[in-house]
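Structure data follow from run_6.txt (compact mmCIF, C-alpha atoms and all ligand atoms):
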```
# COMPACT_ATOMS: atom_id res chain seq x y z
CA MET H 1 171.15 105.26 48.91
CA LYS H 2 168.97 106.56 51.72
CA SER H 3 169.87 109.85 53.32
CA PRO H 4 170.63 109.71 57.05
CA VAL H 5 167.36 111.62 57.64
CA ASN H 6 165.38 108.94 55.84
CA VAL H 7 167.07 106.15 57.77
CA LEU H 8 166.23 107.97 60.99
CA SER H 9 162.60 108.42 59.91
CA VAL H 10 162.27 104.74 59.06
CA SER H 11 163.87 103.83 62.34
CA ILE H 12 161.50 106.08 64.34
CA ALA H 13 158.49 104.77 62.39
CA LEU H 14 159.55 101.17 63.06
CA SER H 15 160.10 101.86 66.71
CA CYS H 16 156.64 103.49 67.02
CA PHE H 17 155.13 100.53 65.19
CA THR H 18 156.91 98.07 67.52
CA SER H 19 155.83 99.87 70.68
CA ALA H 20 152.28 100.28 69.34
CA ALA H 21 152.19 96.55 68.55
CA ALA H 22 153.54 95.74 72.01
CA ALA H 23 150.95 98.02 73.61
CA LYS H 24 148.19 96.36 71.58
CA GLU H 25 149.42 92.91 72.57
CA LEU H 26 149.53 93.93 76.23
CA ALA H 27 146.04 95.46 76.05
CA GLU H 28 144.69 92.15 74.73
CA LYS H 29 146.20 90.07 77.53
CA PRO H 30 143.59 88.39 79.71
CA ASN H 31 142.88 89.74 83.16
CA ILE H 32 143.43 87.36 86.04
CA ILE H 33 141.31 87.25 89.19
CA LEU H 34 142.36 84.94 92.00
CA ILE H 35 139.81 84.66 94.80
CA MET H 36 140.58 82.66 97.92
CA ALA H 37 138.30 81.88 100.85
CA ASP H 38 139.82 81.44 104.31
CA ASP H 39 139.24 78.17 106.18
CA MET H 40 136.37 77.16 103.90
CA GLY H 41 135.83 73.40 103.80
CA TYR H 42 135.22 70.84 101.07
CA GLY H 43 131.49 70.66 101.89
CA ASP H 44 130.83 74.34 102.58
CA ILE H 45 129.34 75.46 99.25
CA GLY H 46 126.34 74.26 97.26
CA CYS H 47 128.20 72.74 94.31
CA TYR H 48 130.30 70.70 96.76
CA GLY H 49 127.24 69.35 98.54
CA SER H 50 126.33 71.88 101.22
CA LYS H 51 122.63 71.64 102.02
CA SER H 52 122.48 74.56 104.42
CA ILE H 53 124.72 77.25 102.88
CA LYS H 54 123.41 78.91 99.72
CA THR H 55 126.09 79.87 97.20
CA PRO H 56 124.34 80.53 93.87
CA VAL H 57 127.24 82.54 92.43
CA LEU H 58 129.92 79.93 93.06
CA ASP H 59 127.54 77.18 91.94
CA LYS H 60 126.97 79.02 88.65
CA MET H 61 130.71 79.59 88.25
CA ALA H 62 131.26 75.84 88.61
CA ALA H 63 128.40 75.08 86.18
CA ASP H 64 129.87 77.50 83.62
CA GLY H 65 133.46 76.46 84.25
CA ILE H 66 135.44 73.69 85.92
CA LYS H 67 135.02 72.18 89.33
CA PHE H 68 138.10 70.49 90.82
CA THR H 69 137.38 67.48 93.00
CA ASP H 70 141.00 66.82 94.01
CA TYR H 71 142.39 70.32 94.57
CA HIS H 72 144.54 70.79 97.67
CA SER H 73 145.94 73.66 99.66
CA ASN H 74 149.70 73.40 100.15
CA GLY H 75 149.22 74.12 103.83
CA ALA H 76 146.67 72.99 106.38
CA VAL H 77 146.78 76.54 107.78
CA CYS H 78 146.90 80.06 106.36
CA THR H 79 150.48 81.37 105.99
CA PRO H 80 152.09 78.35 104.28
CA THR H 81 149.35 78.12 101.64
CA ARG H 82 149.73 81.82 100.82
CA ALA H 83 153.52 81.45 100.62
CA SER H 84 153.20 78.62 98.10
CA LEU H 85 150.33 80.18 96.15
CA LEU H 86 152.32 83.37 95.55
CA THR H 87 155.68 81.73 94.78
CA GLY H 88 154.71 78.51 92.99
CA ASN H 89 156.93 76.61 95.41
CA TYR H 90 156.59 74.45 98.47
CA GLN H 91 156.26 76.69 101.52
CA GLN H 92 159.18 74.77 103.04
CA ARG H 93 161.44 76.16 100.33
CA VAL H 94 160.18 79.66 101.17
CA GLY H 95 160.88 79.04 104.88
CA LEU H 96 157.24 79.57 105.87
CA GLU H 97 156.02 76.18 107.05
CA GLY H 98 154.10 77.56 110.03
CA VAL H 99 151.62 80.33 110.79
CA ILE H 100 152.86 83.84 111.51
CA ASN H 101 151.06 84.54 114.77
CA ALA H 102 149.87 87.94 115.98
CA GLN H 103 151.83 87.88 119.27
CA MET H 104 154.41 90.67 119.35
CA ASP H 105 157.42 88.33 119.54
CA LYS H 106 156.24 86.42 116.44
CA ARG H 107 155.89 89.48 114.23
CA ILE H 108 159.44 89.31 112.95
CA TYR H 109 158.71 86.64 110.35
CA GLY H 110 157.62 87.19 106.77
CA ILE H 111 158.26 86.61 103.10
CA ALA H 112 161.87 87.28 102.10
CA ASP H 113 162.86 89.87 99.51
CA SER H 114 164.64 87.14 97.60
CA GLU H 115 161.37 85.34 96.81
CA VAL H 116 159.91 86.04 93.39
CA THR H 117 156.17 86.47 93.81
CA MET H 118 153.27 86.04 91.43
CA ALA H 119 152.65 89.79 91.66
CA GLU H 120 156.27 90.62 90.76
CA ILE H 121 156.16 88.44 87.66
CA PHE H 122 152.85 89.89 86.46
CA GLN H 123 153.95 93.44 87.31
CA LYS H 124 157.14 93.05 85.28
CA SER H 125 155.06 91.75 82.39
CA GLY H 126 153.04 94.99 82.29
CA TYR H 127 150.09 93.92 84.47
CA GLN H 128 148.48 96.15 87.08
CA THR H 129 148.51 94.18 90.31
CA GLY H 130 146.27 94.53 93.34
CA ILE H 131 145.58 92.61 96.55
CA PHE H 132 142.37 93.26 98.47
CA GLY H 133 141.97 91.32 101.70
CA LYS H 134 144.26 89.16 103.82
CA TRP H 135 148.03 89.13 103.40
CA HIS H 136 149.41 87.05 106.32
CA LEU H 137 152.94 86.97 104.94
CA GLY H 138 154.47 89.32 107.50
CA TYR H 139 153.70 92.28 109.74
CA GLN H 140 156.85 94.37 109.37
CA PRO H 141 156.92 97.26 106.87
CA GLU H 142 159.35 95.43 104.57
CA PHE H 143 156.84 92.58 104.19
CA ASN H 144 154.05 94.88 102.97
CA PRO H 145 152.52 93.57 99.70
CA THR H 146 153.48 96.79 97.91
CA HIS H 147 157.12 95.72 98.38
CA HIS H 148 156.38 92.31 96.87
CA GLY H 149 154.93 93.21 93.49
CA PHE H 150 151.50 94.63 94.25
CA ASN H 151 150.72 98.12 92.93
CA GLU H 152 147.88 98.38 95.42
CA PHE H 153 147.11 96.77 98.77
CA TYR H 154 143.90 97.23 100.72
CA GLY H 155 143.11 95.03 103.69
CA TYR H 156 144.96 93.53 106.65
CA VAL H 157 148.33 91.91 107.23
CA SER H 158 147.47 89.54 110.10
CA GLY H 159 145.66 86.19 110.17
CA ASN H 160 142.26 87.60 111.07
CA VAL H 161 140.57 90.84 112.07
CA ASP H 162 137.27 91.77 113.65
CA TYR H 163 134.96 92.10 110.62
CA ILE H 164 133.64 95.42 111.92
CA SER H 165 136.40 97.08 113.99
CA HIS H 166 139.29 95.66 111.89
CA ARG H 167 141.40 94.78 114.94
CA ASP H 168 143.63 91.73 114.88
CA GLY H 169 143.92 88.75 117.23
CA ILE H 170 145.59 90.79 119.96
CA GLY H 171 143.39 93.84 119.47
CA ILE H 172 145.75 95.94 117.34
CA TYR H 173 144.16 97.96 114.55
CA ASP H 174 145.05 96.26 111.27
CA TRP H 175 143.52 97.95 108.25
CA TRP H 176 145.67 99.34 105.47
CA HIS H 177 145.69 101.06 102.14
CA ASN H 178 149.13 100.42 100.70
CA THR H 179 151.64 101.27 103.47
CA ASP H 180 149.32 103.50 105.53
CA THR H 181 146.71 102.68 108.11
CA CYS H 182 143.28 103.77 106.92
CA TYR H 183 139.90 104.14 108.60
CA ASP H 184 136.93 102.89 106.60
CA GLU H 185 133.72 101.82 108.27
CA GLY H 186 132.16 98.61 107.09
CA TYR H 187 132.18 94.83 106.98
CA VAL H 188 135.46 93.32 105.76
CA THR H 189 133.93 91.25 102.93
CA ASP H 190 132.07 94.27 101.54
CA LEU H 191 134.98 96.70 101.95
CA ILE H 192 137.57 94.60 100.14
CA THR H 193 135.09 93.96 97.32
CA ASN H 194 134.30 97.69 97.02
CA GLN H 195 137.98 98.44 96.61
CA ALA H 196 138.47 95.55 94.19
CA LEU H 197 135.65 96.91 92.01
CA LYS H 198 137.35 100.33 91.94
CA PHE H 199 140.58 98.60 90.91
CA ILE H 200 138.80 96.82 88.05
CA GLU H 201 137.18 100.10 86.93
CA SER H 202 140.43 102.02 86.91
CA ASN H 203 142.27 99.25 85.05
CA LYS H 204 139.55 98.28 82.59
CA ASN H 205 141.80 99.20 79.66
CA LYS H 206 144.94 97.51 81.02
CA PRO H 207 145.53 93.89 81.92
CA PHE H 208 145.33 93.29 85.65
CA LEU H 209 146.04 90.65 88.26
CA LEU H 210 143.49 90.97 91.03
CA TYR H 211 144.17 88.86 94.12
CA LEU H 212 141.14 88.80 96.40
CA PRO H 213 141.91 86.76 99.54
CA HIS H 214 138.71 86.89 101.57
CA GLU H 215 138.60 86.68 105.35
CA ALA H 216 135.37 84.67 105.23
CA PRO H 217 134.61 82.31 106.81
CA HIS H 218 137.59 82.53 109.21
CA PHE H 219 136.74 83.52 112.80
CA PRO H 220 135.67 85.79 114.46
CA TYR H 221 132.23 84.56 113.42
CA GLN H 222 130.42 87.80 112.65
CA GLY H 223 127.70 88.71 110.20
CA ARG H 224 127.26 91.98 108.36
CA ASN H 225 124.99 93.59 110.97
CA ASP H 226 126.80 92.43 114.11
CA LYS H 227 128.54 94.66 116.60
CA ALA H 228 132.29 94.91 116.86
CA ASP H 229 133.80 92.57 119.46
CA ARG H 230 137.40 93.72 119.47
CA LEU H 231 137.53 97.24 120.88
CA PRO H 232 140.27 99.16 122.72
CA GLY H 233 140.54 98.28 126.39
CA LEU H 234 137.97 95.46 126.23
CA ASN H 235 138.58 91.76 126.57
CA PHE H 236 137.15 89.78 123.68
CA GLU H 237 136.49 86.22 122.65
CA MET H 238 138.75 85.25 119.76
CA LEU H 239 135.91 83.47 117.97
CA GLY H 240 133.45 86.34 118.45
CA SER H 241 130.59 86.88 120.86
CA ARG H 242 127.68 85.39 118.92
CA SER H 243 126.19 82.31 120.51
CA ASP H 244 124.90 80.99 117.15
CA LYS H 245 128.30 80.71 115.51
CA LYS H 246 127.27 78.14 112.90
CA GLN H 247 124.55 80.51 111.73
CA ALA H 248 127.13 83.32 111.58
CA TYR H 249 129.42 81.04 109.54
CA LYS H 250 126.63 80.41 107.05
CA GLU H 251 126.00 84.15 106.73
CA MET H 252 129.72 84.78 106.18
CA VAL H 253 130.00 82.30 103.29
CA GLU H 254 126.77 83.62 101.75
CA ILE H 255 127.96 87.25 101.98
CA MET H 256 131.24 86.23 100.33
CA ASP H 257 129.30 84.49 97.55
CA GLU H 258 127.17 87.62 97.06
CA ASN H 259 130.33 89.76 96.83
CA ILE H 260 131.96 87.40 94.32
CA GLY H 261 128.77 87.98 92.33
CA ARG H 262 129.45 91.74 92.41
CA VAL H 263 132.90 91.11 90.90
CA LEU H 264 131.47 88.99 88.08
CA GLU H 265 128.74 91.58 87.45
CA LYS H 266 131.37 94.31 87.19
CA LEU H 267 133.25 92.25 84.61
CA LYS H 268 130.07 91.91 82.55
CA GLU H 269 129.22 95.60 82.92
CA LEU H 270 132.66 96.59 81.61
CA ASN H 271 132.58 93.91 78.92
CA LEU H 272 135.62 92.21 80.45
CA ASP H 273 133.99 88.88 81.24
CA LYS H 274 135.16 87.16 78.05
CA ASN H 275 138.75 88.20 78.64
CA THR H 276 139.10 87.49 82.35
CA PHE H 277 140.16 84.22 83.92
CA VAL H 278 138.78 83.73 87.43
CA PHE H 279 140.08 81.08 89.81
CA PHE H 280 138.47 80.43 93.18
CA CYS H 281 139.82 78.22 95.97
CA SER H 282 140.18 77.94 99.74
CA ASP H 283 143.44 78.18 101.71
CA ASN H 284 142.85 75.12 103.93
CA GLY H 285 140.03 72.95 105.21
CA ALA H 286 137.30 74.01 107.61
CA THR H 287 137.41 73.99 111.39
CA SER H 288 134.65 72.10 113.20
CA MET H 289 132.48 75.19 112.62
CA GLY H 290 132.36 74.36 108.92
CA ASN H 291 131.85 71.27 106.80
CA ASN H 292 134.52 69.16 105.12
CA GLY H 293 131.98 66.90 103.45
CA ALA H 294 132.98 63.23 103.39
CA LEU H 295 136.55 64.01 104.45
CA ASN H 296 138.21 63.14 107.72
CA GLY H 297 139.82 65.82 109.90
CA PHE H 298 139.85 69.60 110.04
CA LYS H 299 142.08 72.63 109.48
CA SER H 300 145.67 72.11 110.68
CA SER H 301 145.53 68.33 110.25
CA LEU H 302 146.93 66.46 107.28
CA TRP H 303 143.91 64.21 107.02
CA GLU H 304 142.11 65.11 103.79
CA GLY H 305 139.77 67.51 105.61
CA GLY H 306 142.73 69.74 106.43
CA HIS H 307 143.83 70.35 102.86
CA ARG H 308 141.43 69.06 100.17
CA VAL H 309 139.27 72.10 99.41
CA PRO H 310 136.91 73.46 96.75
CA ALA H 311 138.38 75.06 93.62
CA ILE H 312 136.64 76.44 90.55
CA ALA H 313 138.00 77.92 87.31
CA TRP H 314 135.81 80.23 85.21
CA TYR H 315 136.65 81.61 81.78
CA PRO H 316 133.54 82.01 79.59
CA GLY H 317 134.04 80.97 76.01
CA LYS H 318 137.43 79.40 76.75
CA ILE H 319 136.59 76.63 79.22
CA LYS H 320 134.00 74.00 78.38
CA PRO H 321 131.11 74.52 80.81
CA GLY H 322 130.36 71.95 83.48
CA LYS H 323 133.68 70.18 83.35
CA ILE H 324 134.88 68.19 86.36
CA ALA H 325 138.65 67.88 86.89
CA ASP H 326 139.66 64.87 88.99
CA ASP H 327 143.45 65.13 88.75
CA PRO H 328 145.30 66.10 91.94
CA VAL H 329 146.38 69.76 91.87
CA ILE H 330 147.73 71.99 94.61
CA SER H 331 148.13 75.69 95.47
CA MET H 332 151.68 75.94 94.12
CA ASP H 333 150.40 74.88 90.67
CA VAL H 334 148.27 78.02 90.41
CA LEU H 335 151.08 80.46 89.56
CA PRO H 336 152.56 78.46 86.64
CA THR H 337 149.00 77.92 85.39
CA LEU H 338 148.09 81.61 85.53
CA LEU H 339 151.29 82.47 83.65
CA ASN H 340 150.32 80.06 80.90
CA VAL H 341 146.78 81.48 80.74
CA ALA H 342 148.25 85.00 80.47
CA GLY H 343 150.86 83.93 77.91
CA ILE H 344 153.73 85.10 80.09
CA SER H 345 157.00 83.25 79.70
CA ASN H 346 159.65 83.47 82.37
CA LYS H 347 162.70 81.66 83.64
CA VAL H 348 161.63 81.25 87.26
CA ARG H 349 161.59 77.61 88.37
CA PHE H 350 158.61 76.29 90.28
CA ASP H 351 157.89 73.19 92.32
CA GLY H 352 154.31 73.57 91.07
CA GLU H 353 153.14 72.50 87.62
CA ASP H 354 150.96 74.22 85.08
CA PHE H 355 147.53 72.56 85.04
CA SER H 356 146.09 74.57 82.12
CA LYS H 357 145.74 71.36 80.08
CA LEU H 358 142.94 70.43 82.50
CA LEU H 359 141.27 73.73 81.66
CA PHE H 360 141.52 73.69 77.90
CA SER H 361 141.83 70.05 76.84
CA GLU H 362 140.92 66.52 77.81
CA LYS H 363 144.52 65.72 78.71
CA GLU H 364 145.55 64.58 82.18
CA MET H 365 148.31 65.81 84.45
CA LYS H 366 151.44 63.73 84.45
CA LYS H 367 151.80 61.52 87.50
CA ARG H 368 153.87 63.06 90.26
CA PRO H 369 154.22 62.78 94.02
CA LEU H 370 152.93 65.62 96.21
CA PHE H 371 154.16 66.30 99.73
CA TRP H 372 152.89 67.94 102.89
CA ARG H 373 154.59 68.48 106.24
CA PHE H 374 153.18 70.30 109.24
CA GLN H 375 153.58 69.83 113.00
CA ASN H 376 154.72 66.19 113.13
CA GLN H 377 152.52 65.13 110.26
CA TRP H 378 153.72 64.06 106.82
CA VAL H 379 151.93 63.12 103.63
CA VAL H 380 153.03 61.70 100.31
CA ARG H 381 150.31 61.57 97.67
CA MET H 382 150.81 59.62 94.47
CA GLU H 383 147.88 58.98 92.14
CA ASN H 384 145.07 57.54 94.30
CA TRP H 385 147.43 56.51 97.13
CA LYS H 386 148.10 58.55 100.24
CA TYR H 387 150.81 57.79 102.74
CA LEU H 388 150.17 59.62 106.03
CA LYS H 389 152.43 59.68 109.05
CA ILE H 390 151.36 61.31 112.30
CA LYS H 391 154.18 61.30 114.81
CA GLU H 392 155.31 57.64 114.58
CA LYS H 393 152.05 56.15 113.30
CA GLU H 394 151.85 55.31 109.61
CA TYR H 395 148.82 54.93 107.36
CA LEU H 396 148.18 54.08 103.73
CA PHE H 397 144.87 54.90 102.09
CA ASP H 398 143.39 54.25 98.67
CA LEU H 399 141.54 57.53 98.20
CA ALA H 400 139.75 56.27 95.09
CA LYS H 401 137.88 53.78 97.27
CA ASP H 402 138.20 55.36 100.67
CA LEU H 403 137.96 59.16 100.56
CA GLY H 404 137.13 59.25 104.27
CA GLU H 405 140.46 57.55 105.17
CA THR H 406 138.86 54.82 107.27
CA THR H 407 140.83 51.71 106.22
CA ASN H 408 144.58 51.60 106.82
CA LEU H 409 146.20 49.43 104.11
CA LYS H 410 149.74 49.84 105.39
CA ASP H 411 150.33 46.25 106.50
CA GLU H 412 149.19 44.81 103.15
CA ASN H 413 151.54 47.05 101.14
CA PRO H 414 155.07 47.03 102.57
CA VAL H 415 156.71 47.68 99.18
CA MET H 416 154.62 50.77 98.60
CA ILE H 417 155.29 52.04 102.12
CA LYS H 418 159.01 51.69 101.53
CA LYS H 419 158.75 53.59 98.25
CA PHE H 420 156.78 56.43 99.83
CA LYS H 421 159.27 56.73 102.70
CA THR H 422 162.12 57.02 100.22
CA LEU H 423 160.25 59.70 98.26
CA LEU H 424 159.60 61.60 101.48
CA LYS H 425 163.20 61.38 102.63
CA ASP H 426 164.43 62.70 99.28
CA TRP H 427 161.90 65.52 99.33
CA GLU H 428 162.86 66.61 102.83
CA LYS H 429 166.49 66.64 101.77
CA GLU H 430 165.57 68.74 98.73
CA MET H 431 163.65 71.23 100.89
CA GLY H 432 166.67 71.83 103.07
CA ASN H 433 167.07 72.13 106.79
CA TYR H 434 164.15 74.30 107.77
CA ALA H 435 162.81 73.53 111.21
CA GLN H 436 159.65 71.44 111.29
CA GLN H 437 157.75 74.28 112.87
CA THR H 438 159.63 77.36 111.83
CA PHE H 439 158.15 79.60 114.51
CA CA S 501 143.12 79.70 106.54
```

Let me see the structure of the file written as structure tokens.
Amino acid sequence: MKSPVNVLSVSIALSCFTSAAAAKELAEKPNIILIMADDMGYGDIGCYGSKSIKTPVLDKMAADGIKFTDYHSNGAVCTPTRASLLTGNYQQRVGLEGVINAQMDKRIYGIADSEVTMAEIFQKSGYQTGIFGKWHLGYQPEFNPTHHGFNEFYGYVSGNVDYISHRDGIGIYDWWHNTDTCYDEGYVTDLITNQALKFIESNKNKPFLLYLPHEAPHFPYQGRNDKADRLPGLNFEMLGSRSDKKQAYKEMVEIMDENIGRVLEKLKELNLDKNTFVFFCSDNGATSMGNNGALNGFKSSLWEGGHRVPAIAWYPGKIKPGKIADDPVISMDVLPTLLNVAGISNKVRFDGEDFSKLLFSEKEMKKRPLFWRFQNQWVVRMENWKYLKIKEKEYLFDLAKDLGETTNLKDENPVMIKKFKTLLKDWEKEMGNYAQQTF
């Protein structure tokens, strides 16, 4: 019979072993980096057909990883996509169907405490979590990212800031480190990358979730060496003062590409590149300043140009290089996918679906309808078919044959139209009674 002392010793030894094993398991978890461009269109980077904008880093990422041809943002504008990306749910369920504008009377809206965010899930699973860049899920102190699962926040809370003076759309200074205003000189794209690199350095021995939502190429259209436009007491043009805005746009995408290269270099330098999954996407389609390739429409519309955007997954040694994924996927699928990649199990339910089978196998996604709703526009997407309603006008497109949405097949397909309308009605009921345009 063991003496009580021996039992205690065994128990302590076992407990140390268990915690050491858990620590080892945690240390071996992959890092996750989620990079999102702002308002970057389907034809704005080299590997998606841009002839004028040079993006060697993203092109190489796509060549070494997977390029998605049918990836969509949940929203056709900024806030709703971010709400769905971070919760894995339709933005309608989160109550953030519209944009949170900078005007003082609109600053009351934001992400509710009751929402479970990507950062909260990763944080609870032992990950270090950081966001560097644009938040756009609420201005008030309670909406700060550090209250929604991020250990560190560096960047801005509004929809856009001057790239040099860091003032928002109504001229208010909007540059933060965690919950405090901070004053760093520099160009937004460089500054957020600098801080992201520090975050990677300080967490090189721990698993981390790094969310890097770039401002580029959202207006104001400013390059690295431009002057600040938004300054105290001065009127300013929202889009910036440069006359050659398309040239500025090109510079902005290229500077972002260069900075994504710095992140990948840092991973290699620290020998983290084989254990880090990187996902890149855009939050909605381009404005007329950018290029949506063969797609119809722009940001804020539910034509394809408003929401079909570039997306690339990169995971050296784990993903077969040069793969093209043609299955429809959407922002809210990213969270369940990242959890699978990180081996994190949880009981949170998501509208989105894990698409990791596209990353690691030749399997396809199961067929499912996808829905969009924004400002009197509705979409139901099912396989290659897209039902689009704008106010009272209905369309049906076969995207496999007609990516540019030029030929309305509605009159030839009354049965399909009826089916789509039923699906839409059921979905709207499921989403609840949120107003069409919440704010
Ligand atoms: Ca956007």

Which residues of chain H come within 8 Å of ligand CA 501 (chain S), and for each one, what is the closest pair of atoms and their distance in Å to one decimal, counting only C-alpha atoms and all ligand atoms, sorted by chain and residue number, as JSON lines?
```
{"residue": "H:Ala37", "atom": "CA", "partner": "S:CA501", "partner_atom": "CA", "distance": 7.8}
{"residue": "H:Asp38", "atom": "CA", "partner": "S:CA501", "partner_atom": "CA", "distance": 4.3}
{"residue": "H:Asp39", "atom": "CA", "partner": "S:CA501", "partner_atom": "CA", "distance": 4.2}
{"residue": "H:Met40", "atom": "CA", "partner": "S:CA501", "partner_atom": "CA", "distance": 7.7}
{"residue": "H:Ala76", "atom": "CA", "partner": "S:CA501", "partner_atom": "CA", "distance": 7.6}
{"residue": "H:Val77", "atom": "CA", "partner": "S:CA501", "partner_atom": "CA", "distance": 5.0}
{"residue": "H:Cys78", "atom": "CA", "partner": "S:CA501", "partner_atom": "CA", "distance": 3.8}
{"residue": "H:Thr79", "atom": "CA", "partner": "S:CA501", "partner_atom": "CA", "distance": 7.6}
{"residue": "H:Gly159", "atom": "CA", "partner": "S:CA501", "partner_atom": "CA", "distance": 7.9}
{"residue": "H:His218", "atom": "CA", "partner": "S:CA501", "partner_atom": "CA", "distance": 6.8}
{"residue": "H:Ser282", "atom": "CA", "partner": "S:CA501", "partner_atom": "CA", "distance": 7.6}
{"residue": "H:Asp283", "atom": "CA", "partner": "S:CA501", "partner_atom": "CA", "distance": 5.1}
{"residue": "H:Asn284", "atom": "CA", "partner": "S:CA501", "partner_atom": "CA", "distance": 5.3}
{"residue": "H:Gly285", "atom": "CA", "partner": "S:CA501", "partner_atom": "CA", "distance": 7.5}
{"residue": "H:Lys299", "atom": "CA", "partner": "S:CA501", "partner_atom": "CA", "distance": 7.7}
```

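Using all atoms listed in the file for every distance, the candidate list H:Gly149, H:Gly306, H:Gly75, H:Gly43 yields H:Gly43 as the residue closest to Ala294 in chain H.
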
- Message: Quick check, in Å to one decimal: how far apart do CA of Asp64 in chain H and CA of Gly322 in chain H lie?
- Response: 5.6 Å

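In this comparison, which uses all atoms listed in the file, the residue of H:Lys366, H:His148, H:Arg224, H:Lys320 approaching Glu251 in chain H most closely is H:Arg224.
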
- Query: Quick one: residues within 12 Å of Ala196 in chain H, all atoms listed in the file counted, chain neighbours fewer than 5 positions away excluded, as a PyMOL selection string?
  - Reply: chain H and resi 33-35+129-133+152-155+189-191+201-204+208-214+259-260+262-264+266-267

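In this structure, CA of Gly352 in chain H sits 26.2 Å away from CA of Glu142 in chain H.
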
- Task: Find the residues near range 381-394 of chain H: any atom within 7 Å, counting all atoms listed in the file, skip ones fewer than 2 places away on the same chain, and give them as a PyMOL selection string.
- Result: chain H and resi 367-371+376-379+396-400+420

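Atom pair CA of Lys425 in chain H / CA of Arg82 in chain H: separated by 24.5 Å.
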
- Residue contacts of Cys281 in chain H (8 Å, all atoms listed in the file) excluding same-chain residues fewer than 3 positions away, as a PyMOL selection string: chain H and resi 35-37+309-312

Prev. selection, C-alpha atoms, output as a PDB file, in the coordinates of the input:
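Ended up saving to again24.pdb:
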```
ATOM      1  CA  ILE H  35     139.810  84.660  94.800  1.00  0.00           C
ATOM      2  CA  MET H  36     140.580  82.660  97.920  1.00  0.00           C
ATOM      3  CA  ALA H  37     138.300  81.880 100.850  1.00  0.00           C
ATOM      4  CA  VAL H 309     139.270  72.100  99.410  1.00  0.00           C
ATOM      5  CA  PRO H 310     136.910  73.460  96.750  1.00  0.00           C
ATOM      6  CA  ALA H 311     138.380  75.060  93.620  1.00  0.00           C
ATOM      7  CA  ILE H 312     136.640  76.440  90.550  1.00  0.00           C
TER       8      ILE H 312
END
```

- Message: With all atoms listed in the file as the counted atoms, please give the residues lying no more than 9 Å from Asp411 in chain H, apart from itself and same-chain residues fewer than 3 positions off, as a PyMOL selection string.
- Response: chain H and resi 395-396+408+414+417

Written selection (C-alpha atoms) as a PDB file, in the frame of the given file:
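Below is the file that was written, part.pdb:
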```pdb
ATOM      1  CA  TYR H 395     148.820  54.930 107.360  1.00  0.00           C
ATOM      2  CA  LEU H 396     148.180  54.080 103.730  1.00  0.00           C
ATOM      3  CA  ASN H 408     144.580  51.600 106.820  1.00  0.00           C
ATOM      4  CA  PRO H 414     155.070  47.030 102.570  1.00  0.00           C
ATOM      5  CA  ILE H 417     155.290  52.040 102.120  1.00  0.00           C
TER       6      ILE H 417
END
```

- Message: List the spatial neighbours of Ile111 in chain H as number ranges by chain - criterion: any atom at most 7 Å away, only C-alpha atoms, same-chain residues fewer than 6 positions off excluded.
- Response: H: 137-138, 143

Between range 101-150 of chain H and range 327-339 of chain H, at 12 Å or less, what are the per-residue closest atom pairs and their distances in Å? Count all atoms listed in the file, order by chain and rising residue number, and return it as a tab-separated table.
```
residue	atom	partner	partner_atom	distance
H:Val116	CA	H:Leu335	CA	11.1
H:Thr117	CA	H:Leu335	CA	8.9
H:Met118	CA	H:Leu335	CA	6.3
H:Ala119	CA	H:Leu335	CA	9.7
H:Glu120	CA	H:Leu335	CA	11.5
H:Ile121	CA	H:Leu339	CA	8.7
H:Phe122	CA	H:Leu339	CA	8.1
H:Gln123	CA	H:Leu339	CA	11.9
H:Ser125	CA	H:Leu339	CA	10.1
H:Tyr127	CA	H:Leu339	CA	11.5
```

- Note on the structure: Using all atoms listed in the file, the best pick from H:Asn275, H:Tyr187, H:Ala286, H:Val161 as closest to Arg230 in chain H would be H:Val161

- Query: Taking into account all atoms listed in the file, which residue in the set H:Asn160, H:Gln222, H:Asn291, H:Asn31 is nearest to Asn271 in chain H?
  - Reply: H:Asn31

- Between H:Lys246, H:Asn346, H:Trp303, H:Met252, which one has atoms that come closest to His72 in chain H, using only C-alpha atoms? H:Trp303

- Which residue out of H:Val253, H:Leu424, H:Ala248, H:Ala313 has the minimum interatomic distance to Phe360 in chain H when all atoms listed in the file are used? H:Ala313

Using all atoms listed in the file, I'd like a table of the residues in range 305-381 of chain H that come within 9 Å of range 97-107 of chain H; for each, show the closest atom pair and its distance in Å rounded to one decimal, ordered by chain and ascending number, as a tab-separated table.
```
residue	atom	partner	partner_atom	distance
H:Arg373	CA	H:Glu97	CA	7.9
H:Phe374	CA	H:Glu97	CA	6.9
H:Gln375	CA	H:Gly98	CA	8.3
```

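Polymer residues near (159.7, 71.7, 93.1): counting only C-alpha atoms with a cut-off of 7 Å, they are Asn89, Tyr90, Phe350, Asp351 and Gly352 of chain H.
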